[in-house]
Amino acid sequence: MNEIDWCINYLKEYNHIIYNLGDTKENQFRSLMNITMPYDLSDEYYEKEEKVLKSILSRKTIIDIIDFDNGISIAKGDITLFKVDVIVNACNSKLLGCFQPLHKCVDNAIHSFAGLKVRRDLMEIMDNQGHDEANGLCKVTKGYNLPSKYIFHTVGPIYNNLKQDAIDLRNCYYNSLKMADDMKLESIAFPSISTGIFGYPIEKASEIAINTAKEYLEKENKNLKRIVFVLFSEGDYSVYERRINKAY
Ligand code: ADP
């Protein structure tokens, strides 16, 4: 049996599922990963998962940060393909990733392609913490099967048009930059935090994102060389492009 079939069967048995979730094999596997709480997955599962995810990645084009200029850049694309020191994930306050099979959020994509060790590590972090994660903080895991070395997990605000929303969103960016810098990392990639399901208007959110990064580089930075904002749609990219032209 090949690795993906093995993983699908294993996760079906583990979750007591007899029906198929998803159409293609890759979608079946991703859907099963999405719903799995990794309390006690076997080492053999993680070995096979790594082979499957590495093979999926080998068919995609990795974007190497070395090709970007120093300072702040914007790029259109999928953040899970960025070879950087750290990518930032836009999470909810449970911090365990998205449990909705094949959901289109960035949290789902990052967990699906990094693998279940990320949720396993976050379960331990959250158990030790004993309460939900507050907005604007930052927790770290390895990147596992992603091209990036690390993932920072931060909770953006659900937009309510309050002053606190802007403070929380700024903190997501600021605390991630500070943590990367303290860890002596040189490159970081951000998605557009809170501007999807959490409803933050992208014009306002992009201003906070770019101004926080610019200020950080100018005033506090020691180690960071490249900061990239990765936008998933053409429309979001244009908003960030206009904003960056205004800032510089
Ligand atoms: P939030 O709950 O913080 O709003 P979402 O994931 O719903 O998070 O959306 C945040 C942004 O991430 C949206 O602009 C969405 O289009 C974008 N996004 C979704 N998938 C990816 C991905 N694979 N890479 C980069 N950005 C993504």
# chains A, B, ... in the order shown; residues from 1 in each chain; ligands from 1
>>> residues_near_ligand(ligand="ligand 1", cutoff="9 Å", atoms="only C-alpha atoms and all ligand atoms", output="short mmCIF file (atom, residue, chain, number, x, y, z; two decimals) with C-alpha atoms, in the first residue's frame")
data_model
loop_
_atom_site.label_atom_id
_atom_site.label_comp_id
_atom_site.auth_asym_id
_atom_site.auth_seq_id
_atom_site.Cartn_x
_atom_site.Cartn_y
_atom_site.Cartn_z
CA LYS A 76 1.05 37.35 -4.11
CA GLY A 77 0.77 33.68 -3.26
CA ASP A 78 0.37 30.86 -0.80
CA ILE A 79 2.30 31.43 2.43
CA THR A 80 2.82 27.67 2.93
CA LEU A 81 5.28 27.74 -0.01
CA ASN A 89 -0.37 31.97 11.17
CA ALA A 90 -3.67 33.84 11.74
CA CYS A 91 -5.39 31.67 14.35
CA ASN A 92 -8.46 31.57 16.54
CA LYS A 104 -10.11 27.95 2.83
CA CYS A 105 -8.56 29.86 5.76
CA VAL A 106 -4.82 30.32 6.12
CA ASP A 107 -4.87 28.42 9.44
CA ASN A 108 -6.24 25.33 7.66
CA ALA A 109 -3.63 25.57 4.89
CA ILE A 110 -0.72 25.95 7.30
CA THR A 154 -1.10 34.65 16.64
CA VAL A 155 -4.77 35.48 17.20
CA GLY A 156 -6.02 38.53 15.33
CA PRO A 157 -9.07 40.49 16.47
CA ILE A 158 -12.57 39.77 15.19
CA TYR A 159 -13.44 43.18 13.75
CA PHE A 190 2.91 37.44 7.23
CA PRO A 191 -0.52 36.74 5.80
CA SER A 192 -3.08 39.53 6.00
CA ILE A 193 -4.17 38.82 9.59
CA SER A 194 -7.89 39.22 10.46
CA THR A 195 -8.96 40.36 6.98
CA GLY A 196 -10.64 37.06 6.04
CA ILE A 197 -13.28 35.50 8.27
CA PHE A 198 -12.49 37.93 11.09
CA GLY A 199 -13.71 40.78 8.88
CA TYR A 200 -11.11 43.50 9.42
CA ILE A 202 -8.21 45.42 4.43
CA PHE A 229 3.48 40.32 3.32
CA VAL A 230 1.98 37.43 1.38
CA LEU A 231 -1.39 38.27 -0.16
CA PHE A 232 -3.68 35.56 -1.38
CA SER A 233 -5.74 37.56 -3.88
CA ASP A 236 -5.53 42.30 -1.48
#
>>> residues_around(residues="Arg242 of chain A", least_positions_apart="4", cutoff="12 Å", atoms="only C-alpha atoms", output="list in words")
Ile74, Ile202, Glu203, Ser206, Glu207, Ile210, Gly235, Asp236, Tyr237, Ser238, Lys246, Ala247 and Tyr248 of chain A
>>> select_by_dssp(residues="segment 157-211 of chain A", states="strand (DSSP E)", output="PyMOL selection string")
chain A and resi 187-190
>>> write_last_selection(atoms="N, CA and C atoms", output="mmCIF file, in the first residue's frame")
data_model
loop_
_atom_site.group_PDB
_atom_site.id
_atom_site.type_symbol
_atom_site.label_atom_id
_atom_site.label_comp_id
_atom_site.auth_asym_id
_atom_site.auth_seq_id
_atom_site.Cartn_x
_atom_site.Cartn_y
_atom_site.Cartn_z
ATOM 1 N N SER A 187 14.281 36.398 8.473
ATOM 2 C CA SER A 187 13.178 36.602 7.523
ATOM 3 C C SER A 187 11.863 36.132 8.115
ATOM 4 N N ILE A 188 10.796 36.870 7.778
ATOM 5 C CA ILE A 188 9.470 36.563 8.313
ATOM 6 C C ILE A 188 8.428 36.861 7.228
ATOM 7 N N ALA A 189 7.438 35.971 7.112
ATOM 8 C CA ALA A 189 6.346 36.200 6.148
ATOM 9 C C ALA A 189 5.024 36.236 6.896
ATOM 10 N N PHE A 190 4.230 37.267 6.602
ATOM 11 C CA PHE A 190 2.914 37.436 7.231
ATOM 12 C C PHE A 190 1.802 37.243 6.205
#
>>> residues_around(residues="Lys51 of chain A", least_positions_apart="4", cutoff="9 Å", atoms="only C-alpha atoms", output="VMD selection string")
chain A and resid 3 to 4 46 to 47 55 to 56
>>> write_last_selection(atoms="C-alpha atoms", output="short mmCIF file (atom, residue, chain, number, x, y, z; two decimals), in the first residue's frame")
data_model
loop_
_atom_site.label_atom_id
_atom_site.label_comp_id
_atom_site.auth_asym_id
_atom_site.auth_seq_id
_atom_site.Cartn_x
_atom_site.Cartn_y
_atom_site.Cartn_z
CA GLU A 3 1.88 6.09 1.89
CA ILE A 4 -1.19 8.22 1.25
CA TYR A 46 4.26 10.74 11.42
CA GLU A 47 6.93 9.11 9.25
CA SER A 55 5.90 14.53 -2.06
CA ILE A 56 3.00 17.02 -2.38
#
>>> residues_around(residues="Asn15 of chain A", least_positions_apart="3", cutoff="9 Å", atoms="only C-alpha atoms", output="JSON, numbers by chain")
{"A": [10, 11, 12, 32, 35, 36, 37]}
>>> closest_residue(among="A:Leu95, A:Val239, A:Ile66, A:Val86", to="Leu177 of chain A", atoms="only C-alpha atoms")
A:Val86
